[in-house]
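Listing of start.cif, mmCIF, C-alpha atoms
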```cif
data_input
#
loop_
_atom_site.label_atom_id
_atom_site.label_comp_id
_atom_site.auth_asym_id
_atom_site.auth_seq_id
_atom_site.Cartn_x
_atom_site.Cartn_y
_atom_site.Cartn_z
CA MET K 249 102.09 109.27 131.67
CA THR K 250 98.38 109.54 130.90
CA PRO K 251 97.11 108.92 127.35
CA VAL K 252 96.17 112.59 127.05
CA ALA K 253 99.66 113.66 128.08
CA MET K 254 101.18 111.16 125.62
CA ASP K 255 99.01 112.50 122.81
CA GLU K 256 100.04 116.05 123.63
CA GLN K 257 103.68 115.01 123.66
CA LYS K 258 103.28 113.35 120.27
CA GLN K 259 101.58 116.42 118.84
CA ALA K 260 104.34 118.64 120.19
CA ALA K 261 107.00 116.40 118.64
CA MET K 262 105.18 116.39 115.32
CA ALA K 263 104.84 120.16 115.41
CA PHE K 264 108.59 120.42 116.03
CA LEU K 265 109.37 118.18 113.05
CA ARG K 266 107.03 120.13 110.79
CA ALA K 267 108.57 123.41 111.90
CA LYS K 268 112.02 121.98 111.17
CA PHE K 269 110.88 120.97 107.69
CA LEU K 270 109.44 124.42 107.02
CA GLY K 271 112.66 125.99 108.21
CA ALA K 272 114.67 123.81 105.84
CA LEU K 273 112.23 124.67 103.04
CA VAL K 274 113.72 128.16 102.95
CA MET K 275 117.10 126.69 102.00
CA ARG K 276 115.51 124.38 99.45
CA VAL K 277 113.79 127.34 97.80
CA LYS K 278 117.08 129.24 97.73
CA ASP K 279 118.85 126.25 96.12
CA MET K 280 116.10 125.91 93.53
CA ARG K 281 116.34 129.57 92.58
CA SER K 282 120.12 129.27 92.12
CA VAL K 283 119.76 126.26 89.88
CA ILE K 284 116.95 127.89 87.87
CA ASP K 285 119.18 130.91 87.27
CA ALA K 286 121.99 128.60 86.16
CA LEU K 287 119.58 126.81 83.85
CA ALA K 288 118.45 130.13 82.37
CA VAL K 289 122.05 130.86 81.38
CA ALA K 290 122.61 127.39 79.90
CA PRO K 291 119.17 126.00 79.09
CA GLU K 292 120.47 122.88 77.37
CA ASN K 293 122.74 121.79 80.21
CA GLY K 294 121.42 118.35 81.01
CA ASN K 295 123.22 118.13 84.36
CA THR K 296 121.69 121.36 85.62
CA GLU K 297 118.25 120.29 84.46
CA GLN K 298 118.70 116.94 86.18
CA ALA K 299 119.82 118.64 89.40
CA LEU K 300 116.73 120.85 89.39
CA THR K 301 114.48 117.88 88.67
CA ARG K 302 115.99 116.05 91.64
CA LEU K 303 115.33 119.04 93.90
CA PHE K 304 111.68 119.17 92.88
CA HIS K 305 111.36 115.39 93.03
CA SER K 306 112.79 115.25 96.54
CA LEU K 307 110.46 118.00 97.73
CA ALA K 308 107.47 116.29 96.11
CA GLY K 309 108.15 113.18 98.13
CA ILE K 310 108.73 114.99 101.41
CA GLY K 311 106.06 117.71 101.36
CA GLY K 312 103.07 115.41 101.51
CA THR K 313 104.85 113.10 103.94
CA TYR K 314 104.90 115.98 106.43
CA GLY K 315 101.26 116.75 105.67
CA PHE K 316 101.88 119.67 103.28
CA HIS K 317 100.18 118.26 100.21
CA GLU K 318 100.07 121.64 98.48
CA ILE K 319 103.86 121.65 98.48
CA THR K 320 103.91 118.19 96.92
CA PHE K 321 101.47 119.36 94.25
CA LEU K 322 103.62 122.39 93.41
CA ALA K 323 106.86 120.39 93.43
CA LYS K 324 105.38 117.88 90.99
CA ALA K 325 104.41 120.79 88.76
CA GLY K 326 108.04 121.90 89.00
CA GLU K 327 109.21 118.44 87.90
CA ASP K 328 106.91 118.61 84.89
CA ALA K 329 108.11 122.12 84.08
CA CYS K 330 111.73 120.93 84.07
CA ALA K 331 110.78 118.54 81.29
CA LEU K 332 109.88 121.48 79.04
CA GLY K 333 113.36 121.39 77.59
CA GLY K 334 114.91 123.03 74.57
CA ARG K 335 116.21 126.44 73.73
CA ARG K 336 112.91 127.62 72.22
CA ASN K 337 111.03 127.31 75.48
CA ALA K 338 113.87 128.48 77.71
CA ALA K 339 112.49 131.89 78.69
CA ALA K 340 108.97 130.61 79.25
CA ARG K 341 110.29 127.65 81.23
CA THR K 342 112.43 129.89 83.44
CA ALA K 343 109.48 132.15 84.17
CA LEU K 344 107.27 129.16 84.97
CA LEU K 345 109.89 127.60 87.24
CA HIS K 346 110.33 130.84 89.16
CA ALA K 347 106.56 131.16 89.54
CA ILE K 348 106.35 127.63 90.91
CA VAL K 349 109.19 128.21 93.38
CA ASN K 350 107.56 131.47 94.50
CA ALA K 351 104.33 129.54 95.07
CA ILE K 352 106.22 126.94 97.09
CA GLU K 353 107.72 129.70 99.21
CA VAL K 354 104.28 131.23 99.82
CA ALA K 355 102.89 127.81 100.69
CA GLY K 356 105.68 127.35 103.20
CA VAL K 357 105.06 130.74 104.80
CA SER K 358 101.32 130.05 105.04
CA ALA K 359 102.00 126.68 106.61
CA SER K 360 104.34 128.27 109.15
CA GLU K 361 101.68 130.80 110.12
CA ARG K 362 99.15 128.02 110.60
CA GLN K 363 101.49 126.02 112.86
CA MET G 166 148.37 53.67 115.03
CA ASN G 167 149.42 57.30 115.06
CA GLN G 168 147.45 59.10 117.77
CA ASN G 169 148.73 62.51 116.75
CA PRO G 170 147.76 63.15 113.14
CA VAL G 171 150.06 65.45 111.24
CA PRO G 172 148.31 68.82 110.79
CA ALA G 173 147.56 69.85 107.22
CA PRO G 174 150.27 72.12 105.85
CA ASP G 175 149.55 75.81 105.45
CA PHE G 176 148.72 76.63 101.86
CA ILE G 177 150.38 79.64 100.30
CA VAL G 178 149.12 81.67 97.35
CA GLY G 179 150.26 84.97 95.87
CA CYS G 180 148.53 88.13 97.06
CA PRO G 181 146.40 89.49 94.16
CA SER G 182 147.50 93.02 95.03
CA CYS G 183 151.28 92.75 95.62
CA GLY G 184 152.16 89.14 94.82
CA ALA G 185 153.63 88.44 98.27
CA SER G 186 153.04 85.04 99.84
CA LEU G 187 149.66 84.80 101.51
CA ASN G 188 148.92 82.08 104.06
CA THR G 189 145.42 80.94 103.25
CA SER G 190 144.97 79.26 106.63
CA THR G 191 145.71 82.23 108.84
CA ALA G 192 145.23 85.43 106.83
CA PRO G 193 142.22 87.39 108.13
CA TRP G 194 139.21 88.30 106.00
CA CYS G 195 138.59 91.88 104.97
CA HIS G 196 135.59 93.88 106.24
CA CYS G 197 134.60 95.32 102.88
CA VAL G 198 130.88 95.18 102.29
CA THR G 199 130.96 92.60 99.52
CA LYS G 200 129.39 89.23 99.02
CA ARG G 201 132.78 87.51 98.92
CA PRO G 202 135.21 88.94 101.50
CA ASN G 203 138.85 88.47 100.53
CA LEU G 204 141.99 87.73 102.51
CA VAL G 205 144.00 90.65 103.87
CA CYS G 206 147.68 90.45 102.94
CA ALA G 207 150.15 90.93 105.84
CA SER G 208 152.68 92.48 103.47
CA CYS G 209 150.68 95.17 101.70
CA GLY G 210 147.58 95.36 103.92
CA GLU G 211 145.31 95.13 100.88
CA CYS G 212 142.43 92.70 100.50
CA GLY G 213 142.19 92.63 96.71
CA CYS G 214 138.58 93.89 96.63
CA LYS G 215 139.76 96.75 94.43
CA VAL G 216 141.86 94.73 91.98
CA PRO G 217 140.37 93.96 88.54
CA GLU G 218 137.78 91.24 88.60
CA SER G 219 139.84 89.10 86.20
CA VAL G 220 142.71 89.08 88.73
CA MET G 221 140.44 88.02 91.59
CA LEU G 222 138.79 85.35 89.46
CA LYS G 223 142.23 83.88 88.70
CA PHE G 224 143.21 84.09 92.38
CA TRP G 225 140.20 82.03 93.42
CA TYR G 226 140.60 79.69 90.45
CA ASP G 227 144.14 78.89 91.58
CA ALA G 228 143.29 78.84 95.31
CA PRO G 229 143.52 75.47 97.07
CA ALA G 230 140.40 73.57 98.06
CA SER G 231 141.14 74.18 101.72
CA LEU G 232 140.74 77.93 101.27
CA HIS G 233 137.41 77.50 99.55
CA ALA G 234 136.31 75.17 102.33
CA ARG G 235 137.46 77.63 105.00
CA ARG G 236 135.53 80.50 103.41
CA THR G 237 132.38 78.45 102.97
CA ALA G 238 132.48 77.18 106.55
CA GLU G 239 133.02 80.65 107.98
CA GLN G 240 130.26 82.16 105.84
CA LYS G 241 127.86 79.46 107.02
CA ALA G 242 128.82 80.09 110.62
CA ARG G 243 128.28 83.85 110.22
CA LYS G 244 124.91 83.32 108.55
CA ALA G 245 123.83 80.87 111.23
CA ALA G 246 124.83 83.30 113.97
CA ALA G 247 123.06 86.15 112.20
CA ALA G 248 119.95 84.04 111.66
CA ALA G 249 119.83 83.33 115.36
CA ARG G 250 119.94 87.04 116.03
CA ILE G 251 117.11 88.08 113.68
CA GLY G 252 115.47 91.10 115.20
CA ALA G 253 118.37 91.68 117.58
CA GLY G 254 119.27 94.72 115.50
CA GLY G 255 115.86 96.25 116.11
CA ASP G 256 112.61 96.00 114.19
CA VAL G 257 113.13 98.46 111.37
CA ILE G 258 115.99 100.16 109.57
CA VAL G 259 115.01 103.14 107.42
CA VAL G 260 117.39 103.95 104.55
CA ASP G 261 117.07 107.25 102.72
CA ASP G 262 119.61 109.83 101.64
CA ASP G 263 117.17 112.59 102.69
CA GLU G 264 117.44 113.45 106.38
CA GLU G 265 113.91 114.81 106.62
CA ILE G 266 112.41 111.57 105.36
CA ARG G 267 114.49 109.63 107.88
CA LEU G 268 113.36 111.92 110.72
CA ILE G 269 109.63 111.79 110.05
CA THR G 270 109.57 108.08 109.21
CA SER G 271 111.58 107.18 112.33
CA PHE G 272 109.28 109.29 114.48
CA MET G 273 106.09 107.75 113.07
CA LEU G 274 107.44 104.20 113.31
CA ASP G 275 108.49 104.84 116.90
CA GLN G 276 104.98 106.07 117.64
CA MET G 277 103.62 102.85 116.14
CA GLY G 278 105.74 100.90 118.61
CA TYR G 279 108.62 99.72 116.42
CA ARG G 280 112.30 99.93 117.37
CA VAL G 281 113.82 102.02 114.59
CA THR G 282 117.25 102.90 113.24
CA ALA G 283 117.69 105.40 110.40
CA VAL G 284 120.73 105.45 108.11
CA ALA G 285 121.72 107.39 105.01
CA ASN G 286 124.22 104.93 103.54
CA PRO G 287 123.03 101.58 102.12
CA ALA G 288 126.40 100.06 103.03
CA ASP G 289 125.56 100.56 106.72
CA VAL G 290 122.47 98.42 106.24
CA LEU G 291 124.46 95.58 104.69
CA ALA G 292 126.94 95.69 107.55
CA ALA G 293 124.04 95.61 110.05
CA ILE G 294 122.44 92.62 108.29
CA THR G 295 125.63 90.63 108.85
CA GLU G 296 126.04 91.52 112.50
CA ASN G 297 122.59 92.26 113.99
CA PRO G 298 119.85 91.89 111.39
CA PRO G 299 116.62 93.87 111.76
CA ARG G 300 113.24 92.43 110.87
CA VAL G 301 112.43 94.99 108.18
CA VAL G 302 114.38 97.40 106.00
CA ILE G 303 112.48 100.31 104.49
CA THR G 304 114.53 101.77 101.68
CA ASP G 305 114.25 104.62 99.23
CA ALA G 306 114.41 103.48 95.61
CA LEU G 307 116.65 106.19 94.23
CA MET G 308 119.79 106.87 96.25
CA PRO G 309 123.14 108.24 95.10
CA LYS G 310 125.21 105.19 96.07
CA MET G 311 122.86 102.32 95.36
CA ASP G 312 119.45 101.68 93.82
CA GLY G 313 116.90 100.44 96.36
CA ARG G 314 116.18 97.36 94.28
CA GLU G 315 119.86 96.40 94.23
CA LEU G 316 120.00 96.92 98.00
CA CYS G 317 116.98 94.64 98.32
CA ARG G 318 118.73 91.96 96.28
CA GLN G 319 121.87 92.15 98.41
CA ILE G 320 119.88 92.05 101.64
CA LYS G 321 118.01 88.95 100.49
CA ASP G 322 121.32 87.32 99.53
CA LEU G 323 122.69 87.97 103.01
CA ASP G 324 119.57 87.03 104.96
CA PRO G 325 116.32 86.19 103.15
CA ARG G 326 114.34 86.45 106.39
CA VAL G 327 114.80 90.24 106.52
CA ARG G 328 111.75 91.90 104.97
CA VAL G 329 112.35 94.76 102.53
CA VAL G 330 109.96 97.58 101.67
CA ILE G 331 110.86 99.90 98.78
CA MET G 332 109.51 103.44 98.81
CA THR G 333 109.53 105.75 95.83
CA SER G 334 107.63 108.42 93.99
CA LEU G 335 109.57 108.03 90.73
CA TYR G 336 109.28 104.39 89.75
CA THR G 337 105.55 103.82 89.97
CA SER G 338 105.05 101.85 86.76
CA PRO G 339 103.55 98.35 87.08
CA ARG G 340 106.67 96.93 85.41
CA TYR G 341 108.96 98.41 88.08
CA LYS G 342 106.74 97.08 90.83
CA HIS G 343 106.66 93.66 89.20
CA GLU G 344 110.44 93.64 88.98
CA ALA G 345 110.74 94.75 92.60
CA TYR G 346 108.51 91.91 93.78
CA LYS G 347 109.61 89.11 91.48
CA GLN G 348 113.24 89.69 90.60
CA PHE G 349 114.43 91.32 93.79
CA HIS G 350 111.92 89.69 96.16
CA ALA G 351 110.81 92.93 97.79
CA ASP G 352 108.13 92.32 100.39
CA GLY G 353 106.36 95.63 100.05
CA TYR G 354 106.14 98.73 97.92
CA LEU G 355 105.25 102.18 99.23
CA ALA G 356 104.59 105.32 97.21
CA LYS G 357 105.84 108.74 98.29
CA PRO G 358 104.52 110.98 99.80
CA ILE G 359 104.26 108.38 102.50
CA ASP G 360 100.84 107.55 103.87
CA PHE G 361 101.67 106.35 107.35
CA THR G 362 98.38 104.52 107.75
CA GLU G 363 99.28 102.50 104.67
CA LEU G 364 102.78 101.93 106.06
CA GLN G 365 101.38 100.72 109.36
CA GLN G 366 99.04 98.28 107.59
CA LEU G 367 101.92 97.02 105.45
CA LEU G 368 104.17 96.48 108.46
CA GLU G 369 101.38 94.74 110.37
CA ARG G 370 101.19 92.30 107.47
CA ILE G 371 104.90 91.58 107.10
CA CYS G 372 106.29 92.40 110.55
CA PRO G 373 103.53 92.35 113.15
CA LEU G 374 104.33 93.93 116.50
CA SER G 375 103.04 90.80 118.22
CA MET G 376 106.11 88.97 116.93
CA HIS G 377 108.39 91.42 118.68
CA ALA G 378 107.83 89.89 122.11
CA ALA G 379 108.46 86.40 120.75
CA VAL G 380 111.66 87.47 118.99
CA THR G 381 112.87 89.22 122.13
CA ALA G 382 112.30 86.08 124.16
CA VAL G 383 114.18 83.90 121.67
CA ASN G 384 117.13 86.26 121.51
CA ALA G 385 117.33 86.71 125.29
#
```
How would this structure read if it were set down as structure tokens?
Amino acid sequence: MTPVAMDEQKQAAMAFLRAKFLGALVMRVKDMRSVIDALAVAPENGNTEQALTRLFHSLAGIGGTYGFHEITFLAKAGEDACALGGRRNAAARTALLHAIVNAIEVAGVSASERQ
Amino acid sequence: MNQNPVPAPDFIVGCPSCGASLNTSTAPWCHCVTKRPNLVCASCGECGCKVPESVMLKFWYDAPASLHARRTAEQKARKAAAAARIGAGGDVIVVDDDEEIRLITSFMLDQMGYRVTAVANPADVLAAITENPPRVVITDALMPKMDGRELCRQIKDLDPRVRVVIMTSLYTSPRYKHEAYKQFHADGYLAKPIDFTELQQLLERICPLSMHAAVTAVNA
């Protein structure tokens, strides 16, 4: 196989992996929204907050690894937003978390269109 | 002079699980992923790894010297055999509970020229170290079943020649890094999101590809 053909094969494989990640991002976004809704109902539930933090943390580590640094940036913002605990900030936190997840979804769609 | 020495008698102890007689000379070892495998009882089929630690401590306190000697000799033989096979299990094992990290990291390492295996369960790595050790283990720091630093410690206990790289985006404080290097003897530390250029430079330092041919020749 020529070097050019090998490079094309590598690029095709990478494109496949990135497309797979973007496909899985849809499920991640759905999971995040479910957990945010659960957190809105019980804002002081530490387990739910921890679960949401883990979702954002995992995405923060993966997004940039696949070359989608905007997704990492947004996921880190989501992690920070999770730390805005307490009943007083619950409504504002929920709104912020939903906004961040919506932004992640848009980032994923944009990335898919660029692929 | 007696040309046929009398063989040493079999030593019997009580099984820590059921109390039945356990022949310390012939009972097989368990395959639990622990530092100290225990004898499997023919009566109850248990190995005692799940009994309270105080019970196992008493079992080994009361065990005859011959059993201790047998275990030590067999552990040394296993370690020697594993040491001779360093690299036979491939160049790199990637451990992460996230499938997408395993996929992309395996792909990039393969492109760099390394032989890669990806696993989700840290216990699979420990089993591999015993049988066919790799040259490098790249592990996530935060996993459901085991912390990456603890995995590093157990890998180094089993075979200190295996290099360990810990990757994380959570524990980035200097203190954590210091602990990873000094206390657990990690050989490298990689921040997430992974920069694969940085990973390649790190691996070239601790596990150069040029060694692969030499290792292959030795193990052939």
Interface list for chain G, partner chain K, 7 Å threshold, all atoms listed in the file, as a PyMOL selection string: chain G and resi 265-266+334+357-360
Given only C-alpha atoms as the counted atoms, nearest of G:Ile331, G:Ala245, G:Val178, G:Leu367 to Leu274 (chain G): G:Leu367
For region 198-214 of chain G: contacts at 7 Å, only C-alpha atoms, fewer than 6 positions along chain excluded, given as number ranges by chain: G: 180-183, 185, 187, 192, 288, 291-292
The PyMOL selection byres ((chain K and resi 286-300) around 7) resolved against shown file, as a ChimeraX atom specification: /K:280,282-285,301-304,330,334-335,338,342
Two-atom distance - CA of Leu364 (chain G), CA of Asp352 (chain G) (Å):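 That distance, rounded to one decimal, is 12.4 Å.
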Spatial neighbours of region 346-352 of chain K, 9 Å, all atoms listed in the file, chain gap at least 4 places, as a VMD selection string: chain K and resid 273 277 280 to 281 284 318 to 319 322 to 323 325 to 326 329 341 to 342 356 to 357
